[in-house]
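Shown next: coords.cif, containing mmCIF, N, CA and C atoms.
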data_protein
#
loop_
_atom_site.label_atom_id
_atom_site.label_comp_id
_atom_site.auth_asym_id
_atom_site.auth_seq_id
_atom_site.Cartn_x
_atom_site.Cartn_y
_atom_site.Cartn_z
N MET H 1 28.99 -10.00 -2.81
CA MET H 1 27.61 -9.56 -2.71
C MET H 1 26.78 -10.37 -3.71
N SER H 2 25.68 -10.94 -3.24
CA SER H 2 24.88 -11.79 -4.12
C SER H 2 24.03 -10.95 -5.08
N ARG H 3 23.52 -11.62 -6.06
CA ARG H 3 22.71 -10.94 -7.08
C ARG H 3 21.44 -10.36 -6.47
N ASN H 4 20.79 -11.11 -5.57
CA ASN H 4 19.57 -10.63 -4.93
C ASN H 4 19.84 -9.39 -4.09
N THR H 5 20.96 -9.34 -3.41
CA THR H 5 21.31 -8.17 -2.60
C THR H 5 21.49 -6.95 -3.48
N LYS H 6 22.12 -7.12 -4.63
CA LYS H 6 22.31 -6.01 -5.56
C LYS H 6 20.97 -5.51 -6.09
N ILE H 7 20.10 -6.44 -6.45
CA ILE H 7 18.78 -6.05 -6.98
C ILE H 7 17.97 -5.34 -5.91
N ASN H 8 17.99 -5.86 -4.67
CA ASN H 8 17.25 -5.21 -3.59
C ASN H 8 17.79 -3.81 -3.30
N GLY H 9 19.10 -3.65 -3.31
CA GLY H 9 19.70 -2.34 -3.10
C GLY H 9 19.31 -1.37 -4.20
N LEU H 10 19.31 -1.84 -5.44
CA LEU H 10 18.92 -0.99 -6.57
C LEU H 10 17.46 -0.58 -6.47
N LEU H 11 16.59 -1.52 -6.10
CA LEU H 11 15.17 -1.19 -5.94
C LEU H 11 14.95 -0.20 -4.81
N LEU H 12 15.68 -0.36 -3.72
CA LEU H 12 15.57 0.58 -2.60
C LEU H 12 16.03 1.98 -3.01
N LEU H 13 17.09 2.04 -3.78
CA LEU H 13 17.58 3.32 -4.29
C LEU H 13 16.57 3.96 -5.23
N LEU H 14 15.93 3.16 -6.06
CA LEU H 14 14.92 3.66 -6.98
C LEU H 14 13.71 4.23 -6.23
N VAL H 15 13.26 3.53 -5.19
CA VAL H 15 12.13 4.02 -4.40
C VAL H 15 12.49 5.33 -3.70
N ALA H 16 13.69 5.41 -3.16
CA ALA H 16 14.13 6.65 -2.51
C ALA H 16 14.18 7.80 -3.52
N ALA H 17 14.64 7.51 -4.72
CA ALA H 17 14.70 8.55 -5.75
C ALA H 17 13.30 9.02 -6.13
N LEU H 18 12.36 8.09 -6.23
CA LEU H 18 10.99 8.46 -6.55
C LEU H 18 10.36 9.33 -5.47
N ALA H 19 10.77 9.14 -4.24
CA ALA H 19 10.22 9.94 -3.14
C ALA H 19 10.90 11.31 -3.05
N VAL H 20 12.20 11.39 -3.33
CA VAL H 20 12.95 12.62 -3.12
C VAL H 20 12.97 13.53 -4.35
N LEU H 21 13.03 12.97 -5.54
CA LEU H 21 13.18 13.79 -6.75
C LEU H 21 12.07 14.82 -6.95
N PRO H 22 10.79 14.49 -6.77
CA PRO H 22 9.77 15.54 -6.94
C PRO H 22 9.96 16.71 -5.97
N LEU H 23 10.41 16.43 -4.78
CA LEU H 23 10.65 17.50 -3.81
C LEU H 23 11.89 18.30 -4.19
N ALA H 24 12.95 17.62 -4.61
CA ALA H 24 14.21 18.29 -4.94
C ALA H 24 14.09 19.13 -6.22
N LEU H 25 13.32 18.64 -7.18
CA LEU H 25 13.18 19.36 -8.44
C LEU H 25 12.12 20.45 -8.38
N GLY H 26 11.39 20.51 -7.28
CA GLY H 26 10.38 21.57 -7.13
C GLY H 26 9.15 21.35 -7.98
N LEU H 27 8.83 20.11 -8.29
CA LEU H 27 7.64 19.84 -9.08
C LEU H 27 6.40 20.21 -8.27
N GLY H 28 5.50 20.93 -8.86
CA GLY H 28 4.29 21.34 -8.18
C GLY H 28 4.41 22.68 -7.49
N ASP H 29 5.54 23.40 -7.65
CA ASP H 29 5.70 24.70 -6.99
C ASP H 29 4.71 25.74 -7.49
N HIS H 30 4.22 25.56 -8.73
CA HIS H 30 3.31 26.55 -9.29
C HIS H 30 1.89 26.41 -8.75
N LYS H 31 1.62 25.38 -7.98
CA LYS H 31 0.27 25.15 -7.47
C LYS H 31 0.15 25.67 -6.04
N GLU H 32 -1.10 25.94 -5.65
CA GLU H 32 -1.35 26.39 -4.28
C GLU H 32 -1.04 25.28 -3.28
N GLU H 33 -1.52 24.07 -3.56
CA GLU H 33 -1.20 22.90 -2.77
C GLU H 33 -0.45 21.94 -3.69
N PRO H 34 0.87 21.93 -3.64
CA PRO H 34 1.65 21.20 -4.64
C PRO H 34 1.42 19.69 -4.69
N PHE H 35 1.17 19.06 -3.57
CA PHE H 35 1.03 17.61 -3.58
C PHE H 35 -0.33 17.20 -3.03
N ALA H 36 -1.38 17.84 -3.53
CA ALA H 36 -2.74 17.50 -3.11
C ALA H 36 -3.12 16.14 -3.69
N GLY H 37 -4.11 15.51 -3.08
CA GLY H 37 -4.53 14.19 -3.53
C GLY H 37 -5.31 14.25 -4.83
N ALA H 38 -5.61 13.09 -5.35
CA ALA H 38 -6.33 12.97 -6.62
C ALA H 38 -7.75 13.52 -6.50
N ASP H 39 -8.36 13.39 -5.32
CA ASP H 39 -9.72 13.92 -5.14
C ASP H 39 -9.75 15.43 -5.33
N ALA H 40 -8.78 16.13 -4.76
CA ALA H 40 -8.72 17.58 -4.88
C ALA H 40 -8.46 17.99 -6.33
N GLU H 41 -7.59 17.26 -7.01
CA GLU H 41 -7.30 17.55 -8.42
C GLU H 41 -8.55 17.34 -9.28
N ALA H 42 -9.29 16.28 -9.02
CA ALA H 42 -10.52 16.00 -9.79
C ALA H 42 -11.56 17.08 -9.54
N GLU H 43 -11.70 17.50 -8.29
CA GLU H 43 -12.67 18.55 -7.96
C GLU H 43 -12.33 19.85 -8.67
N THR H 44 -11.05 20.19 -8.71
CA THR H 44 -10.61 21.40 -9.41
C THR H 44 -10.91 21.30 -10.90
N ALA H 45 -10.62 20.16 -11.50
CA ALA H 45 -10.86 19.98 -12.94
C ALA H 45 -12.35 20.06 -13.26
N ILE H 46 -13.19 19.48 -12.43
CA ILE H 46 -14.64 19.50 -12.67
C ILE H 46 -15.18 20.92 -12.57
N THR H 47 -14.76 21.66 -11.57
CA THR H 47 -15.26 23.03 -11.43
C THR H 47 -14.75 23.94 -12.54
N GLU H 48 -13.60 23.65 -13.13
CA GLU H 48 -13.13 24.43 -14.27
C GLU H 48 -13.98 24.13 -15.50
N ILE H 49 -14.35 22.87 -15.70
CA ILE H 49 -15.14 22.49 -16.87
C ILE H 49 -16.59 22.92 -16.72
N GLU H 50 -17.17 22.66 -15.58
CA GLU H 50 -18.59 22.95 -15.32
C GLU H 50 -18.72 23.66 -13.97
N PRO H 51 -18.70 25.00 -13.97
CA PRO H 51 -18.73 25.74 -12.70
C PRO H 51 -20.01 25.52 -11.88
N ASP H 52 -21.13 25.18 -12.52
CA ASP H 52 -22.39 25.00 -11.80
C ASP H 52 -22.63 23.57 -11.35
N TYR H 53 -21.63 22.74 -11.44
CA TYR H 53 -21.78 21.33 -11.09
C TYR H 53 -22.07 21.18 -9.60
N GLU H 54 -23.05 20.33 -9.28
CA GLU H 54 -23.36 20.01 -7.89
C GLU H 54 -23.16 18.51 -7.70
N PRO H 55 -22.38 18.09 -6.68
CA PRO H 55 -22.15 16.66 -6.46
C PRO H 55 -23.45 15.92 -6.13
N TRP H 56 -23.50 14.67 -6.49
CA TRP H 56 -24.68 13.85 -6.22
C TRP H 56 -24.79 13.47 -4.76
N PHE H 57 -23.63 13.25 -4.13
CA PHE H 57 -23.60 12.78 -2.75
C PHE H 57 -22.72 13.70 -1.92
N SER H 58 -22.95 13.69 -0.63
CA SER H 58 -22.06 14.40 0.28
C SER H 58 -21.41 13.37 1.20
N PRO H 59 -20.22 13.67 1.72
CA PRO H 59 -19.54 12.69 2.58
C PRO H 59 -20.34 12.41 3.86
N LEU H 60 -20.24 11.18 4.35
CA LEU H 60 -20.90 10.83 5.60
C LEU H 60 -20.22 11.51 6.79
N TYR H 61 -18.90 11.63 6.71
CA TYR H 61 -18.14 12.26 7.79
C TYR H 61 -17.08 13.14 7.17
N GLU H 62 -17.03 14.38 7.56
CA GLU H 62 -16.03 15.32 7.07
C GLU H 62 -15.07 15.62 8.23
N PRO H 63 -13.81 15.14 8.17
CA PRO H 63 -12.87 15.39 9.26
C PRO H 63 -12.64 16.89 9.44
N PRO H 64 -12.42 17.33 10.68
CA PRO H 64 -12.26 18.76 10.93
C PRO H 64 -10.98 19.36 10.36
N SER H 65 -9.96 18.54 10.09
CA SER H 65 -8.72 19.09 9.52
C SER H 65 -8.07 18.08 8.60
N GLY H 66 -7.14 18.57 7.82
CA GLY H 66 -6.42 17.70 6.89
C GLY H 66 -5.55 16.68 7.59
N GLU H 67 -5.03 17.05 8.78
CA GLU H 67 -4.19 16.13 9.52
C GLU H 67 -4.97 14.91 9.99
N ILE H 68 -6.21 15.15 10.45
CA ILE H 68 -7.04 14.04 10.90
C ILE H 68 -7.42 13.16 9.71
N GLU H 69 -7.69 13.78 8.58
CA GLU H 69 -8.01 13.03 7.37
C GLU H 69 -6.82 12.15 6.96
N SER H 70 -5.62 12.71 7.02
CA SER H 70 -4.42 11.93 6.70
C SER H 70 -4.21 10.80 7.68
N ALA H 71 -4.47 11.06 8.97
CA ALA H 71 -4.31 10.01 9.98
C ALA H 71 -5.29 8.87 9.75
N LEU H 72 -6.53 9.21 9.39
CA LEU H 72 -7.53 8.17 9.11
C LEU H 72 -7.14 7.36 7.88
N PHE H 73 -6.60 8.03 6.88
CA PHE H 73 -6.15 7.33 5.68
C PHE H 73 -4.99 6.39 6.01
N ALA H 74 -4.04 6.86 6.84
CA ALA H 74 -2.92 6.01 7.24
C ALA H 74 -3.40 4.81 8.05
N LEU H 75 -4.38 5.03 8.92
CA LEU H 75 -4.95 3.93 9.70
C LEU H 75 -5.60 2.90 8.79
N GLN H 76 -6.32 3.37 7.79
CA GLN H 76 -6.95 2.47 6.82
C GLN H 76 -5.89 1.65 6.08
N ALA H 77 -4.82 2.31 5.67
CA ALA H 77 -3.75 1.60 4.96
C ALA H 77 -3.08 0.58 5.87
N ALA H 78 -2.86 0.93 7.13
CA ALA H 78 -2.22 0.00 8.07
C ALA H 78 -3.11 -1.21 8.33
N LEU H 79 -4.40 -0.99 8.49
CA LEU H 79 -5.32 -2.11 8.69
C LEU H 79 -5.34 -3.03 7.48
N GLY H 80 -5.35 -2.46 6.29
CA GLY H 80 -5.32 -3.27 5.07
C GLY H 80 -4.04 -4.07 4.96
N ALA H 81 -2.90 -3.45 5.29
CA ALA H 81 -1.63 -4.17 5.25
C ALA H 81 -1.62 -5.29 6.28
N GLY H 82 -2.21 -5.05 7.44
CA GLY H 82 -2.28 -6.09 8.47
C GLY H 82 -3.12 -7.27 8.02
N VAL H 83 -4.24 -7.01 7.38
CA VAL H 83 -5.10 -8.09 6.89
C VAL H 83 -4.36 -8.91 5.83
N LEU H 84 -3.69 -8.22 4.92
CA LEU H 84 -2.93 -8.94 3.88
C LEU H 84 -1.79 -9.77 4.48
N ALA H 85 -1.07 -9.20 5.42
CA ALA H 85 0.04 -9.93 6.06
C ALA H 85 -0.49 -11.16 6.80
N TYR H 86 -1.61 -11.02 7.49
CA TYR H 86 -2.20 -12.16 8.19
C TYR H 86 -2.59 -13.26 7.19
N TYR H 87 -3.22 -12.86 6.09
CA TYR H 87 -3.66 -13.84 5.09
C TYR H 87 -2.47 -14.60 4.50
N PHE H 88 -1.43 -13.87 4.09
CA PHE H 88 -0.28 -14.54 3.48
C PHE H 88 0.48 -15.38 4.50
N GLY H 89 0.56 -14.92 5.75
CA GLY H 89 1.19 -15.72 6.79
C GLY H 89 0.42 -17.00 7.07
N LEU H 90 -0.90 -16.90 7.09
CA LEU H 90 -1.75 -18.07 7.31
C LEU H 90 -1.58 -19.08 6.18
N ARG H 91 -1.55 -18.59 4.95
CA ARG H 91 -1.36 -19.49 3.80
C ARG H 91 -0.02 -20.20 3.88
N ARG H 92 1.03 -19.44 4.23
CA ARG H 92 2.36 -20.05 4.31
C ARG H 92 2.41 -21.09 5.43
N GLY H 93 1.83 -20.77 6.56
CA GLY H 93 1.81 -21.72 7.67
C GLY H 93 1.06 -22.99 7.33
N ARG H 94 -0.07 -22.86 6.67
CA ARG H 94 -0.82 -24.04 6.26
C ARG H 94 -0.04 -24.89 5.28
N ARG H 95 0.61 -24.23 4.32
CA ARG H 95 1.40 -24.97 3.34
C ARG H 95 2.54 -25.72 4.01
N GLN H 96 3.22 -25.07 4.95
CA GLN H 96 4.32 -25.74 5.66
C GLN H 96 3.79 -26.89 6.50
N GLY H 97 2.64 -26.71 7.13
CA GLY H 97 2.04 -27.79 7.91
C GLY H 97 1.68 -28.98 7.05
N GLU H 98 1.13 -28.72 5.88
CA GLU H 98 0.78 -29.81 4.97
C GLU H 98 2.03 -30.55 4.49
N GLU H 99 3.11 -29.79 4.21
CA GLU H 99 4.35 -30.43 3.77
C GLU H 99 4.93 -31.31 4.88
N ARG H 100 4.92 -30.81 6.10
CA ARG H 100 5.45 -31.61 7.23
C ARG H 100 4.60 -32.84 7.47
N ALA H 101 3.29 -32.70 7.37
CA ALA H 101 2.40 -33.85 7.57
C ALA H 101 2.63 -34.89 6.48
N ALA H 102 2.85 -34.45 5.25
CA ALA H 102 3.10 -35.38 4.15
C ALA H 102 4.40 -36.13 4.36
N VAL H 103 5.43 -35.44 4.85
CA VAL H 103 6.72 -36.09 5.10
C VAL H 103 6.58 -37.11 6.23
N ARG H 104 5.83 -36.78 7.27
CA ARG H 104 5.65 -37.69 8.41
C ARG H 104 4.91 -38.96 7.99
N THR H 105 3.88 -38.80 7.15
CA THR H 105 3.11 -39.99 6.74
C THR H 105 3.91 -40.87 5.79
N GLU H 106 4.80 -40.29 5.00
CA GLU H 106 5.61 -41.09 4.08
C GLU H 106 6.71 -41.85 4.81
N GLY H 107 7.42 -41.16 5.69
CA GLY H 107 8.59 -41.78 6.33
C GLY H 107 8.29 -42.43 7.65
N GLY H 108 7.25 -42.04 8.32
CA GLY H 108 6.92 -42.61 9.61
C GLY H 108 7.65 -41.94 10.76
N ALA H 109 8.75 -41.26 10.50
CA ALA H 109 9.51 -40.59 11.56
C ALA H 109 9.17 -39.10 11.55
N PRO H 110 9.36 -38.43 12.67
CA PRO H 110 9.09 -36.99 12.69
C PRO H 110 10.01 -36.26 11.71
N ALA H 111 9.43 -35.29 11.02
CA ALA H 111 10.19 -34.54 10.02
C ALA H 111 11.02 -33.46 10.71
N PRO H 112 12.24 -33.27 10.23
CA PRO H 112 13.05 -32.18 10.77
C PRO H 112 12.47 -30.84 10.30
N ASP H 113 12.87 -29.77 11.01
CA ASP H 113 12.41 -28.43 10.62
C ASP H 113 13.03 -28.10 9.28
N VAL H 114 12.20 -28.09 8.24
CA VAL H 114 12.69 -27.87 6.88
C VAL H 114 12.98 -26.42 6.62
N ASP H 115 12.13 -25.52 7.13
CA ASP H 115 12.26 -24.09 6.81
C ASP H 115 12.60 -23.32 8.08
N LYS H 116 13.82 -22.91 8.24
CA LYS H 116 14.26 -22.19 9.43
C LYS H 116 14.04 -20.68 9.33
N ASP H 117 13.73 -20.15 8.14
CA ASP H 117 13.59 -18.70 7.97
C ASP H 117 12.20 -18.18 8.32
N ALA H 118 11.26 -18.99 8.70
CA ALA H 118 9.90 -18.56 8.99
C ALA H 118 9.78 -17.86 10.30
#

So that I can check it, write out the structure of this file as structure tokens.
Amino acid sequence: MSRNTKINGLLLLLVAALAVLPLALGLGDHKEEPFAGADAEAETAITEIEPDYEPWFSPLYEPPSGEIESALFALQAALGAGVLAYYFGLRRGRRQGEERAAVRTEGGAPAPDVDKDA
């Protein structure tokens, strides 16, 4: 087993532990909503400090349920990941194209496929 495989396995195990341990240890059981988002936690803290606080702005769109809100958040995350993947793929493709073009101009013969893992 190579060193990279061991490191990747260890990182995967660490991520799984970070996801499972809070649930297994019962962290957040004392709260009404144990794993609420940071927005809900901030709102609770503000109302405890200043009960008469009124927000400056109201949301443009308030989803009818928490499930729809979660779905919209997941869609936003997926779109962001897609944009990043496209950008990095485009950069890699351009770099490989430039490398192949440089090899062709130097040697005069067509360059073999240098990177088979793409």

Just list as a short mmCIF file (atom, residue, chain, number, x, y, z; two decimals) with N, CA and C atoms, in the frame of the given file whatever in range 54-111 of chain H DSSP marks as helix (DSSP H, G or I).
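Listing of out_9.cif after writing:
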data_model
loop_
_atom_site.label_atom_id
_atom_site.label_comp_id
_atom_site.auth_asym_id
_atom_site.auth_seq_id
_atom_site.Cartn_x
_atom_site.Cartn_y
_atom_site.Cartn_z
N GLY H 66 -7.14 18.57 7.82
CA GLY H 66 -6.42 17.70 6.89
C GLY H 66 -5.55 16.68 7.59
N GLU H 67 -5.03 17.05 8.78
CA GLU H 67 -4.19 16.13 9.52
C GLU H 67 -4.97 14.91 9.99
N ILE H 68 -6.21 15.15 10.45
CA ILE H 68 -7.04 14.04 10.90
C ILE H 68 -7.42 13.16 9.71
N GLU H 69 -7.69 13.78 8.58
CA GLU H 69 -8.01 13.03 7.37
C GLU H 69 -6.82 12.15 6.96
N SER H 70 -5.62 12.71 7.02
CA SER H 70 -4.42 11.93 6.70
C SER H 70 -4.21 10.80 7.68
N ALA H 71 -4.47 11.06 8.97
CA ALA H 71 -4.31 10.01 9.98
C ALA H 71 -5.29 8.87 9.75
N LEU H 72 -6.53 9.21 9.39
CA LEU H 72 -7.53 8.17 9.11
C LEU H 72 -7.14 7.36 7.88
N PHE H 73 -6.60 8.03 6.88
CA PHE H 73 -6.15 7.33 5.68
C PHE H 73 -4.99 6.39 6.01
N ALA H 74 -4.04 6.86 6.84
CA ALA H 74 -2.92 6.01 7.24
C ALA H 74 -3.40 4.81 8.05
N LEU H 75 -4.38 5.03 8.92
CA LEU H 75 -4.95 3.93 9.70
C LEU H 75 -5.60 2.90 8.79
N GLN H 76 -6.32 3.37 7.79
CA GLN H 76 -6.95 2.47 6.82
C GLN H 76 -5.89 1.65 6.08
N ALA H 77 -4.82 2.31 5.67
CA ALA H 77 -3.75 1.60 4.96
C ALA H 77 -3.08 0.58 5.87
N ALA H 78 -2.86 0.93 7.13
CA ALA H 78 -2.22 0.00 8.07
C ALA H 78 -3.11 -1.21 8.33
N LEU H 79 -4.40 -0.99 8.49
CA LEU H 79 -5.32 -2.11 8.69
C LEU H 79 -5.34 -3.03 7.48
N GLY H 80 -5.35 -2.46 6.29
CA GLY H 80 -5.32 -3.27 5.07
C GLY H 80 -4.04 -4.07 4.96
N ALA H 81 -2.90 -3.45 5.29
CA ALA H 81 -1.63 -4.17 5.25
C ALA H 81 -1.62 -5.29 6.28
N GLY H 82 -2.21 -5.05 7.44
CA GLY H 82 -2.28 -6.09 8.47
C GLY H 82 -3.12 -7.27 8.02
N VAL H 83 -4.24 -7.01 7.38
CA VAL H 83 -5.10 -8.09 6.89
C VAL H 83 -4.36 -8.91 5.83
N LEU H 84 -3.69 -8.22 4.92
CA LEU H 84 -2.93 -8.94 3.88
C LEU H 84 -1.79 -9.77 4.48
N ALA H 85 -1.07 -9.20 5.42
CA ALA H 85 0.04 -9.93 6.06
C ALA H 85 -0.49 -11.16 6.80
N TYR H 86 -1.61 -11.02 7.49
CA TYR H 86 -2.20 -12.16 8.19
C TYR H 86 -2.59 -13.26 7.19
N TYR H 87 -3.22 -12.86 6.09
CA TYR H 87 -3.66 -13.84 5.09
C TYR H 87 -2.47 -14.60 4.50
N PHE H 88 -1.43 -13.87 4.09
CA PHE H 88 -0.28 -14.54 3.48
C PHE H 88 0.48 -15.38 4.50
N GLY H 89 0.56 -14.92 5.75
CA GLY H 89 1.19 -15.72 6.79
C GLY H 89 0.42 -17.00 7.07
N LEU H 90 -0.90 -16.90 7.09
CA LEU H 90 -1.75 -18.07 7.31
C LEU H 90 -1.58 -19.08 6.18
N ARG H 91 -1.55 -18.59 4.95
CA ARG H 91 -1.36 -19.49 3.80
C ARG H 91 -0.02 -20.20 3.88
N ARG H 92 1.03 -19.44 4.23
CA ARG H 92 2.36 -20.05 4.31
C ARG H 92 2.41 -21.09 5.43
N GLY H 93 1.83 -20.77 6.56
CA GLY H 93 1.81 -21.72 7.67
C GLY H 93 1.06 -22.99 7.33
N ARG H 94 -0.07 -22.86 6.67
CA ARG H 94 -0.82 -24.04 6.26
C ARG H 94 -0.04 -24.89 5.28
N ARG H 95 0.61 -24.23 4.32
CA ARG H 95 1.40 -24.97 3.34
C ARG H 95 2.54 -25.72 4.01
N GLN H 96 3.22 -25.07 4.95
CA GLN H 96 4.32 -25.74 5.66
C GLN H 96 3.79 -26.89 6.50
N GLY H 97 2.64 -26.71 7.13
CA GLY H 97 2.04 -27.79 7.91
C GLY H 97 1.68 -28.98 7.05
N GLU H 98 1.13 -28.72 5.88
CA GLU H 98 0.78 -29.81 4.97
C GLU H 98 2.03 -30.55 4.49
N GLU H 99 3.11 -29.79 4.21
CA GLU H 99 4.35 -30.43 3.77
C GLU H 99 4.93 -31.31 4.88
N ARG H 100 4.92 -30.81 6.10
CA ARG H 100 5.45 -31.61 7.23
C ARG H 100 4.60 -32.84 7.47
N ALA H 101 3.29 -32.70 7.37
CA ALA H 101 2.40 -33.85 7.57
C ALA H 101 2.63 -34.89 6.48
N ALA H 102 2.85 -34.45 5.25
CA ALA H 102 3.10 -35.38 4.15
C ALA H 102 4.40 -36.13 4.36
N VAL H 103 5.43 -35.44 4.85
CA VAL H 103 6.72 -36.09 5.10
C VAL H 103 6.58 -37.11 6.23
N ARG H 104 5.83 -36.78 7.27
CA ARG H 104 5.65 -37.69 8.41
C ARG H 104 4.91 -38.96 7.99
N THR H 105 3.88 -38.80 7.15
CA THR H 105 3.11 -39.99 6.74
C THR H 105 3.91 -40.87 5.79
N GLU H 106 4.80 -40.29 5.00
CA GLU H 106 5.61 -41.09 4.08
C GLU H 106 6.71 -41.85 4.81
N GLY H 107 7.42 -41.16 5.69
CA GLY H 107 8.59 -41.78 6.33
C GLY H 107 8.29 -42.43 7.65
#

* To do: Please measure the separation of atom N of Asp39 in chain H and CA of Leu12 in chain H, giving the value in Å to one decimal.
  =>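 Distance between the two atoms: 27.3 Å.
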
* Asked: Suppose you want the space between CA of Ala74 in chain H and CA of Leu11 in chain H; what is it in Å?
  ->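 For CA of Ala74 in chain H relative to CA of Leu11 in chain H, the distance reads 23.5 Å.
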